[in-house]
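Data from final_0.cif: mmCIF, C-alpha atoms
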```cif
data_run
loop_
_atom_site.group_PDB
_atom_site.id
_atom_site.type_symbol
_atom_site.label_atom_id
_atom_site.label_comp_id
_atom_site.auth_asym_id
_atom_site.auth_seq_id
_atom_site.Cartn_x
_atom_site.Cartn_y
_atom_site.Cartn_z
ATOM 1 C CA MET T 1 84.449 95.257 114.977
ATOM 2 C CA LEU T 2 84.881 98.509 116.873
ATOM 3 C CA GLU T 3 87.745 100.559 115.478
ATOM 4 C CA LEU T 4 90.095 101.959 118.108
ATOM 5 C CA GLU T 5 90.936 105.655 118.221
ATOM 6 C CA TRP T 6 94.535 106.750 117.729
ATOM 7 C CA LYS T 7 96.245 107.585 121.014
ATOM 8 C CA GLY T 8 99.650 108.677 122.202
ATOM 9 C CA VAL T 9 102.039 106.062 123.530
ATOM 10 C CA PRO T 10 101.207 105.414 127.205
ATOM 11 C CA LEU T 11 103.836 106.861 129.521
ATOM 12 C CA GLU T 12 104.696 103.483 131.046
ATOM 13 C CA HIS T 13 105.701 102.200 127.578
ATOM 14 C CA SER T 14 107.362 105.335 126.199
ATOM 15 C CA LYS T 15 110.986 104.424 127.067
ATOM 16 C CA LYS T 16 110.743 100.974 125.455
ATOM 17 C CA TRP T 17 108.908 102.507 122.456
ATOM 18 C CA GLN T 18 111.651 105.101 121.967
ATOM 19 C CA ASP T 19 114.389 102.477 122.293
ATOM 20 C CA ILE T 20 112.765 100.254 119.665
ATOM 21 C CA PHE T 21 112.447 103.033 117.096
ATOM 22 C CA GLN T 22 115.854 104.578 117.798
ATOM 23 C CA LEU T 23 117.692 101.252 117.624
ATOM 24 C CA SER T 24 115.893 99.703 114.636
ATOM 25 C CA PRO T 25 118.275 99.544 111.674
ATOM 26 C CA PRO T 26 117.515 101.338 108.404
ATOM 27 C CA SER T 27 117.425 97.928 106.689
ATOM 28 C CA GLU T 28 114.056 97.268 108.362
ATOM 29 C CA GLY T 29 112.492 100.052 106.308
ATOM 30 C CA MET T 30 108.936 100.934 107.315
ATOM 31 C CA HIS T 31 107.875 97.747 109.132
ATOM 32 C CA LEU T 32 109.936 97.147 112.241
ATOM 33 C CA ALA T 33 110.807 93.643 113.421
ATOM 34 C CA ALA T 34 110.229 94.354 117.127
ATOM 35 C CA ALA T 35 106.921 93.728 118.857
ATOM 36 C CA CYS T 36 104.886 96.701 120.062
ATOM 37 C CA PRO T 37 105.666 97.390 123.740
ATOM 38 C CA VAL T 38 102.039 98.430 124.288
ATOM 39 C CA CYS T 39 100.136 95.439 122.850
ATOM 40 C CA GLY T 40 102.798 92.875 121.857
ATOM 41 C CA ALA T 41 101.786 92.731 118.177
ATOM 42 C CA ASN T 42 104.312 92.735 115.336
ATOM 43 C CA SER T 43 102.663 95.850 113.912
ATOM 44 C CA LEU T 44 105.142 98.708 114.364
ATOM 45 C CA PHE T 45 105.705 101.086 111.466
ATOM 46 C CA ARG T 46 107.604 104.291 110.749
ATOM 47 C CA TYR T 47 107.329 106.832 107.986
ATOM 48 C CA PHE T 48 109.238 109.987 107.059
ATOM 49 C CA ALA T 49 107.823 112.724 104.820
ATOM 50 C CA LEU T 50 110.398 115.083 103.358
ATOM 51 C CA GLY T 51 109.178 118.659 103.643
ATOM 52 C CA ARG T 52 112.142 120.634 102.376
ATOM 53 C CA ALA T 53 115.147 119.111 100.654
ATOM 54 C CA GLU T 54 118.294 120.517 102.207
ATOM 55 C CA PRO T 55 120.945 117.768 102.194
ATOM 56 C CA ARG T 56 123.533 118.098 104.937
ATOM 57 C CA GLU T 57 125.331 116.236 107.668
ATOM 58 C CA ILE T 58 124.219 116.680 111.279
ATOM 59 C CA GLN T 59 126.351 115.174 114.032
ATOM 60 C CA GLY T 60 127.862 112.749 111.528
ATOM 61 C CA ILE T 61 124.494 111.660 110.092
ATOM 62 C CA LYS T 62 123.577 112.459 106.494
ATOM 63 C CA VAL T 63 120.059 113.843 106.068
ATOM 64 C CA LYS T 64 117.898 114.660 103.034
ATOM 65 C CA GLY T 65 116.311 117.687 104.723
ATOM 66 C CA SER T 66 113.616 118.624 107.205
ATOM 67 C CA GLY T 67 110.246 116.912 107.407
ATOM 68 C CA SER T 68 107.775 114.951 109.493
ATOM 69 C CA TYR T 69 107.996 111.548 111.122
ATOM 70 C CA TRP T 70 105.406 109.043 112.323
ATOM 71 C CA GLU T 71 105.803 105.945 114.498
ATOM 72 C CA TRP T 72 102.729 103.791 115.013
ATOM 73 C CA CYS T 73 101.267 100.407 115.848
ATOM 74 C CA SER T 74 98.549 99.283 113.452
ATOM 75 C CA ARG T 75 97.004 97.002 116.052
ATOM 76 C CA CYS T 76 96.619 99.073 119.240
ATOM 77 C CA ARG T 77 96.809 102.406 117.351
ATOM 78 C CA SER T 78 99.421 103.974 119.603
ATOM 79 C CA PHE T 79 101.463 106.587 117.745
ATOM 80 C CA GLU T 80 103.982 109.417 117.881
ATOM 81 C CA HIS T 81 104.422 112.256 115.385
ATOM 82 C CA MET T 82 107.181 114.848 115.226
ATOM 83 C CA SER T 83 109.246 117.193 113.070
ATOM 84 C CA VAL T 84 112.655 115.713 112.213
ATOM 85 C CA TRP T 85 115.627 115.715 109.907
ATOM 86 C CA VAL T 86 114.834 112.974 107.364
ATOM 87 C CA PRO T 87 117.753 110.509 107.238
ATOM 88 C CA ASP T 88 119.553 109.985 103.954
ATOM 89 C CA TRP T 89 118.775 106.236 103.985
ATOM 90 C CA TRP T 90 115.006 106.831 103.822
ATOM 91 C CA GLN T 91 113.302 106.045 100.516
ATOM 92 C CA VAL T 92 111.536 109.356 99.933
ATOM 93 C CA ASP T 93 108.024 108.076 99.148
ATOM 94 C CA PRO T 94 107.634 104.291 99.383
ATOM 95 C CA LEU T 95 103.824 104.538 99.673
ATOM 96 C CA LYS T 96 103.248 107.105 96.911
ATOM 97 C CA ILE T 97 100.677 109.023 98.954
ATOM 98 C CA ASP T 98 99.571 112.646 98.780
ATOM 99 C CA HIS T 99 101.602 114.320 101.519
ATOM 100 C CA GLU T 100 99.219 117.278 101.440
ATOM 101 C CA LYS T 101 96.587 115.042 103.057
ATOM 102 C CA LEU T 102 98.775 113.828 105.942
ATOM 103 C CA THR T 103 97.893 114.855 109.494
ATOM 104 C CA ALA T 104 99.543 114.154 112.845
ATOM 105 C CA ARG T 105 97.455 110.980 113.123
ATOM 106 C CA PRO T 106 98.729 108.183 110.872
ATOM 107 C CA ASP T 107 95.300 107.261 109.414
ATOM 108 C CA LEU T 108 96.332 107.719 105.777
ATOM 109 C CA LEU T 109 99.682 106.017 106.330
ATOM 110 C CA ASP T 110 98.169 103.026 108.062
ATOM 111 C CA ALA T 111 95.557 102.627 105.313
ATOM 112 C CA ALA T 112 98.279 102.840 102.639
ATOM 113 C CA VAL T 113 100.368 100.189 104.414
ATOM 114 C CA ALA T 114 97.327 97.896 104.699
ATOM 115 C CA ALA T 115 96.565 98.333 100.990
ATOM 116 C CA ALA T 116 100.158 97.699 99.857
#
```

Please go through the file and, once you have read it, give me the structure as structure tokens.
Amino acid sequence: MLELEWKGVPLEHSKKWQDIFQLSPPSEGMHLAAACPVCGANSLFRYFALGRAEPREIQGIKVKGSGSYWEWCSRCRSFEHMSVWVPDWWQVDPLKIDHEKLTARPDLLDAAVAAA
């Protein structure tokens, strides 16, 4: 089987993608219940990596500190990566991976999810 390359979310799906990730409740954890707007698979994931602990409240939302954030679909390999304030509800390291090895592409994260 040919492995697909990681790619950014296609522009025509970006609004729906953003809505899904912004509206998904913390109770869903890493694996979101919604189907991927790009391919229709139930393979959407999110992951926060805390870079610097600096607990505070920003616009009424409690955060652990600054860090990185990934959103991806394991099936079609669409993804987004950005710097964010890590929300207080996030379990700091549910995958127990080496954050030093993380890149913008969610290769390591996706492999860790598949192995869990």

Atom pair atom CA of Pro94 of chain T / atom CA of Lys16 of chain T: separation (Å):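 So the answer is 26.5 Å.
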
Residue nearest Gln22 of chain T among T:Asp107, T:Glu100, T:Glu71, T:Asp93 (counting only C-alpha atoms):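 Ranked by minimum distance to Gln22 of chain T, first place goes to T:Glu71.
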
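What the PyMOL selection byres ((chain T and resi 61) around 10) matches in the given file is Arg56, Glu57, Ile58, Gln59, Gly60, Lys62, Val63, Trp85, Pro87, Asp88 and Trp89 of chain T.
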
Could you please take those selected residues and save C-alpha atoms as an mmCIF file, in the frame of the given file?
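Saved file result_10.cif follows:
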```cif
data_model
loop_
_atom_site.group_PDB
_atom_site.id
_atom_site.type_symbol
_atom_site.label_atom_id
_atom_site.label_comp_id
_atom_site.auth_asym_id
_atom_site.auth_seq_id
_atom_site.Cartn_x
_atom_site.Cartn_y
_atom_site.Cartn_z
ATOM 1 C CA ARG T 56 123.533 118.098 104.937
ATOM 2 C CA GLU T 57 125.331 116.236 107.668
ATOM 3 C CA ILE T 58 124.219 116.680 111.279
ATOM 4 C CA GLN T 59 126.351 115.174 114.032
ATOM 5 C CA GLY T 60 127.862 112.749 111.528
ATOM 6 C CA LYS T 62 123.577 112.459 106.494
ATOM 7 C CA VAL T 63 120.059 113.843 106.068
ATOM 8 C CA TRP T 85 115.627 115.715 109.907
ATOM 9 C CA PRO T 87 117.753 110.509 107.238
ATOM 10 C CA ASP T 88 119.553 109.985 103.954
ATOM 11 C CA TRP T 89 118.775 106.236 103.985
#
```

Distance of atom CA of Ile97 of chain T from atom CA of Ala112 of chain T, expressed in Å to one decimal place: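 Distance reported for this atom pair: 7.6 Å.
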
Residue with smallest distance to Asn42 of chain T - pool T:Cys73, T:Gly29, T:Ala115, T:Lys15, counting all atoms listed in the file: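 Among T:Cys73, T:Gly29, T:Ala115, T:Lys15, it is T:Cys73 that comes nearest to Asn42 of chain T.
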
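Computed from the coordinates, the atom CA of Gly51 of chain T to atom CA of Trp17 of chain T distance equals 24.8 Å.
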
Residue with smallest distance to Trp90 of chain T - pool T:Leu23, T:Ser14, T:Leu50, T:Leu32, counting all atoms listed in the file: T:Leu50
